[in-house]
Amino acid sequence: MAKKKQKSGSSTRVRKTELVRNIINIFNENPEKTFNYKLISTLMDIKSESQRVFINQLLYELLDEDFLVEISRGKFKVNSRGGYIEGVIERQGVKTYLLPDDGGELVFIPERKTNHALLKDRVKVFLYAHRRGQQPEGEVVEIIKRAQDTFVGVLEVSENYAFLILDNRIMTNDIFIPKNKLNGGTNGQKVVVKLLAWEPNAKNPVGEVIDVLGDKGDNTTEMHAILAEFGLPYKYPADVEAAANKMDAGITPDEIAKRVDMRNITTFTIDPRDAKDFDDALSLRKLDNGLWEVGVHIADVTHYVRPDSIIEKEALERATSVYLVDRTIPMLPEHLSNGICSLRPNEEKLTYSVIFQLNDKAEIKHYDIAKTVICSDRRFTYEEAQAIIETGEGDYKEEVLTMDRLAKLLREKRFAAGAIAFDRVEVRFEIDEKGKPTSVFFKEQKDSNKLVEEFMLLANKTVATHIGRVHQGQKAKTFVYRIHDVPNPDKLETFSVFIKRFGYNLKTSGKQSAVSSSINALLDAVQGKKEQNLIETLAIRSMAKAIYSTSNMGHYGLAFDFYTHFTSPIRRYPDMMVHRLLEKYAAGGKSVNASEYEDYCQHSSDMEQLAANAERASIKYKQVEFMSDRIGQVFDGVISGVTEWGIYVELVENKCEGMIPIRDLDDDYYTFDDKNYCLEGRRYHKKYQLGDEITVKVAKANLDKKQLDFVLA
């Protein structure tokens with residue numbers, strides 16, 4: 001009997017919630033009208049007298065909650081203290097919210113009140129009356145600016161019309177394409193479509209094909225589709241290529257005379273084996289004063305790319321090169337990035353250099369920042385330089401070994417000051433001539449990588465300090481910094497609690513160097529363990545993101561008070577800005593407009609994030625493609641994510657990630673516990689928790705969604 005009673009009470013509660021929601025909708029949709037309980041009951045088609053009395057009771061409850069005002073006895077109107085508010089559309093799971101510009105509370109937007117607004121769109125929202133203790137709610141009344149007006153998908157063409165079938169979380173409705181707007185696209189092809197219109201009452205928007213990417217499944221088509229999805233360019237404008245192709249290196253005697261000539265000093269590059277754009281080189285010689293002269297030489301890109309040129313405008317727009325699994329989409333045309341500016345061996349090159357004098361303890365005794373000309377003696381791959389470090393034999397072994405020794409001293413000092421060692425293992429693929437992944441391997445940071453890294457960090461830090469640190473009473477000139485904020489204390493604390501279940505401890509407060517040492521000790525302790533990738537990923541998520549800004553706050557992760565990006569102008573626009581500002585200020589120029597440069601910094605940070613997202617999507621695509629030949633195979637994994645719709649599992653053997661949908665966990669009814677990162681069964685209390693080891697079978701590989709489905713093995 002007790003059970004039956006409980007069930008009935010539960011259904012009454014559901015009924016009450018439904019009635020309140022309907023009453024609220026009636027008032028919100030008619031903010032100027034007055035209603036009594038009879039009118040409300042009629043509108044809701046409620047005839048039973050007892051139910052009508054209940055409606056009257058609910059109206060008075062909404063009055064107590066300040067949602068309604070009583071105009072006269074028994075007559076109510078919505079308490080419209082709302083007004084209009086602007087912001088950006090966000091999604092959490094399947095629900096839509098407004099993130100207000102003023103940083104206030106998120107505003108819930110019911111699905112039928114979104115007015116076709118999409119993720120990240122800038123919108124104007126009418127705020128409904130606010131119920132005390134409830135989340136604010138509103139409806140979109142105007143789309144001020146679409147975040148995205150082009151979409152990628154597969155064409156489905158029938159006799160009289162066509163649709164673009166989409167597979168993303170931004171737009172859930174397919175796009176109608178009139179036959180005269182196909183622009184050569186045919187059934188089954190991947191295309192880019194521009195949104196033309198979306199009438200308020202229409203289920204589907206209307207669009208036109210603006211580019212045909214190619215046949216679905218073709219490797220180049222799929223890589224271009226990923227770039228187009230993120231609004232990134234996948235081809236170079238012909239006029240920009242043509243302008244670049246007209247350039248020559250222009251290394252004349254007059255130009256050399258203006259520079260420090262370092263062509264006769266031993267110089268080399270160390271880069272990945274497939275690199276073509278060598279934007280940094282290192283030189284070394286012993287000076288008569290007993291010090292080591294280390295030159296960090298960077299391609300002098302801004303000597304060739306002039307302000308206001310079409311190459312400059314394209315570089316600013318792109319802001320970064322994009323590195324997908326099987327290709328690089330360069331920021332600069334290839335004639336510049338892989339040709340004129342690339343510091344190739346046995347070719348004279350114009351460079352911008354930081355030239356250090358270091359003692360045997362790697363202490364800086366003097367430095368110069370100067371325009372130079374170099375001629376690289378040797379192009380090393382990381383593997384070749386590593387072989388010299390490990391065996392002590394090979395070309396320029398004295399120079400390589402000396403620089404390795406100095407780099408290790410610099411690294412030691414950096415960590416003593418509180419730097420954090422985020423040496424993530426990167427997943428890489430061996431790919432055949434058709435772009436199909438044949439095997440997975442892991443790229444790890446070795447001494448040769450760290451050698452280059454330390455001298456690049458030193459140059460970046462020195463340049464930033466050179467401009468940023470000023471004498472008392474002086475004002476620093478506007479500059480571009482690479483900044484990294486301290487970790488969010490709440491995130492760090494949550495992370496600390498989570499790793500305790502693996503037996504690890506983390507210090508979350510106190511001196512920066514103490515917290516950093518604790519993080520480093522944790523990262524060392526997880527090396528080679530099954531939970532390594534998971535804990536490294538969560539550690540990074542607990543940190544702030546590094547961004548570009550004209551306001552310097554230092555770089556927490558590197559433990560530097562001043563830091564910038566100077567060493568990669570071939571592939572990053574901020575480095576080009578830094579080169580120009582250095583040159584301007586060296587010539588006595590006035591400080592540039594901070595607000596203008598802050599906009600450039602914001603744009604560069606945004607584009608960097610988009611490029612990182614596209615790179616991740618290309619890795620995900622190749623992982624799914626790689627695993628599509630392994631359907632039915634069983635793998636050991638670690639739970640790498642837990643959500644209300646399922647659990648994500650990362651395979652130990654190859655770091656590929658897939659999902660077990662919650663609907664497939666059919667031995668119980670599972671609910672999501674976001675505090676403890678787990679799903680828990682209501683009946684048997686079985687838990688699936690972040691970090692748990694688990695054995696899975698590959699069930700499905702969906703390349704369109706870049707999604708792997710696993711089942712429990």
# chains A, B, ... in the order shown; residues from 1 in each chain; ligands from 1
>>> residues_around(residues="Ile694 in chain A", least_positions_apart="6", cutoff="10 Å", atoms="only C-alpha atoms", output="MDAnalysis selection string")
chainID A and resid 635:639 649:651 688 712:713
>>> closest_atom_pairs(of="range 354-434 of chain A", to="range 325-330 of chain A", cutoff="12 Å", atoms="only C-alpha atoms", output="tab-separated table")
residue	atom	partner	partner_atom	distance
A:Glu426	CA	A:Val325	CA	11.4
A:Val427	CA	A:Val325	CA	9.6
A:Arg428	CA	A:Val325	CA	7.4
A:Phe429	CA	A:Val325	CA	7.4
A:Glu430	CA	A:Asp326	CA	9.2
A:Ile431	CA	A:Asp326	CA	7.5
A:Asp432	CA	A:Asp326	CA	9.9
A:Glu433	CA	A:Asp326	CA	10.3
A:Lys434	CA	A:Asp326	CA	10.4
>>> select_by_dssp(residues="range 165-369 of chain A", states="helix (DSSP H, G or I)", output="ChimeraX atom specification")
/A:179-181,219-229,238-245,253-257,301-304,310-318,334-340
>>> residues_around(residues="Gly394 in chain A", least_positions_apart="6", cutoff="10 Å", atoms="only C-alpha atoms", output="list of chain:residue names")
A:Glu384, A:Ala385, A:Ala387, A:Ile388, A:Val400
>>> residues_around(residues="range 293-300 of chain A", least_positions_apart="4", cutoff="9 Å", atoms="only C-alpha atoms", output="PyMOL selection string")
chain A and resi 267+278-287+304+341-343+349-359+371-374+403+455-456+459+566-570+576+579
>>> write_last_selection(atoms="C-alpha atoms", output="compact mmCIF listing (two decimals), in the first residue's frame")
# COMPACT_ATOMS: atom_id res chain seq x y z
CA THR A 267 75.08 27.27 -36.90
CA PHE A 278 62.72 26.14 -40.22
CA ASP A 279 62.16 29.38 -38.34
CA ASP A 280 64.87 29.02 -35.69
CA ALA A 281 68.58 28.16 -35.73
CA LEU A 282 71.25 27.98 -33.01
CA SER A 283 74.90 29.02 -33.18
CA LEU A 284 77.73 28.43 -30.72
CA ARG A 285 81.33 29.57 -30.29
CA LYS A 286 83.79 30.04 -27.44
CA LEU A 287 84.77 33.69 -26.96
CA TYR A 304 59.69 40.57 -46.23
CA CYS A 341 62.28 32.70 -44.79
CA SER A 342 63.08 29.05 -43.97
CA LEU A 343 66.57 28.73 -42.45
CA LYS A 349 69.40 33.99 -44.53
CA LEU A 350 68.26 37.22 -42.88
CA THR A 351 67.49 36.72 -39.19
CA TYR A 352 66.51 38.56 -36.01
CA SER A 353 68.66 37.20 -33.19
CA VAL A 354 69.17 37.19 -29.45
CA ILE A 355 72.89 36.65 -28.87
CA PHE A 356 73.83 35.51 -25.36
CA GLN A 357 77.14 35.33 -23.55
CA LEU A 358 76.85 32.51 -20.99
CA ASN A 359 79.34 31.14 -18.49
CA LYS A 371 69.33 42.00 -36.97
CA THR A 372 71.76 39.42 -38.37
CA VAL A 373 72.68 37.35 -41.40
CA ILE A 374 73.50 33.64 -40.98
CA MET A 403 74.44 23.25 -25.89
CA PHE A 455 67.01 28.27 -25.78
CA MET A 456 63.72 29.35 -27.37
CA ALA A 459 65.11 34.11 -26.06
CA PHE A 566 59.45 35.83 -30.60
CA THR A 567 60.81 32.57 -32.00
CA SER A 568 58.22 31.40 -34.58
CA PRO A 569 57.18 34.26 -36.89
CA ILE A 570 56.73 31.90 -39.87
CA MET A 576 55.54 39.05 -36.20
CA HIS A 579 59.52 41.60 -34.18
>>> select_by_dssp(residues="range 312-536 of chain A", states="strand (DSSP E or B)", output="ChimeraX atom specification")
/A:320,322-323,328-329,348-358,364-375,378-381,426-431,437-443,481-484
>>> closest_residue(among="A:Val53, A:Ala243, A:Val94, A:Leu401", to="Leu332 in chain A", atoms="only C-alpha atoms")
A:Ala243
>>> residues_around(residues="range 467-482 of chain A", least_positions_apart="6", cutoff="9 Å", atoms="only C-alpha atoms", output="PyMOL selection string")
chain A and resi 546-555+562-565+574-575+577-578+581-582+585+590-594+597-598+601
>>> write_last_selection(atoms="C-alpha atoms", output="PDB file, in the first residue's frame")
ATOM      1  CA  ALA A 546      47.900  30.708 -21.870  1.00  0.00           C
ATOM      2  CA  ILE A 547      46.835  33.645 -24.072  1.00  0.00           C
ATOM      3  CA  TYR A 548      48.258  36.752 -25.736  1.00  0.00           C
ATOM      4  CA  SER A 549      47.773  40.152 -24.104  1.00  0.00           C
ATOM      5  CA  THR A 550      49.258  43.632 -23.838  1.00  0.00           C
ATOM      6  CA  SER A 551      48.675  43.443 -20.049  1.00  0.00           C
ATOM      7  CA  ASN A 552      51.523  41.479 -18.532  1.00  0.00           C
ATOM      8  CA  MET A 553      50.835  39.194 -15.566  1.00  0.00           C
ATOM      9  CA  GLY A 554      53.729  36.787 -16.110  1.00  0.00           C
ATOM     10  CA  HIS A 555      53.616  33.139 -17.076  1.00  0.00           C
ATOM     11  CA  PHE A 562      57.991  38.359 -18.450  1.00  0.00           C
ATOM     12  CA  TYR A 563      57.360  36.129 -21.447  1.00  0.00           C
ATOM     13  CA  THR A 564      56.456  36.573 -25.118  1.00  0.00           C
ATOM     14  CA  HIS A 565      56.530  34.698 -28.426  1.00  0.00           C
ATOM     15  CA  PRO A 574      52.036  37.457 -32.495  1.00  0.00           C
ATOM     16  CA  ASP A 575      55.752  36.756 -33.156  1.00  0.00           C
ATOM     17  CA  MET A 577      54.023  41.773 -33.992  1.00  0.00           C
ATOM     18  CA  VAL A 578      56.830  41.276 -31.453  1.00  0.00           C
ATOM     19  CA  LEU A 581      57.633  46.355 -31.967  1.00  0.00           C
ATOM     20  CA  LEU A 582      61.218  45.427 -31.067  1.00  0.00           C
ATOM     21  CA  TYR A 585      61.383  50.671 -30.068  1.00  0.00           C
ATOM     22  CA  LYS A 590      56.814  55.876 -29.503  1.00  0.00           C
ATOM     23  CA  SER A 591      54.579  53.349 -27.767  1.00  0.00           C
ATOM     24  CA  VAL A 592      51.845  51.916 -29.991  1.00  0.00           C
ATOM     25  CA  ASN A 593      48.099  52.028 -29.255  1.00  0.00           C
ATOM     26  CA  ALA A 594      47.428  49.431 -26.521  1.00  0.00           C
ATOM     27  CA  TYR A 597      47.158  45.674 -30.120  1.00  0.00           C
ATOM     28  CA  GLU A 598      44.906  44.092 -27.476  1.00  0.00           C
ATOM     29  CA  CYS A 601      46.090  39.654 -29.218  1.00  0.00           C
TER      30      CYS A 601
END
>>> closest_residue(among="A:Val123, A:Glu90, A:Tyr37, A:Val107", to="Lys75 in chain A", atoms="only C-alpha atoms")
A:Tyr37
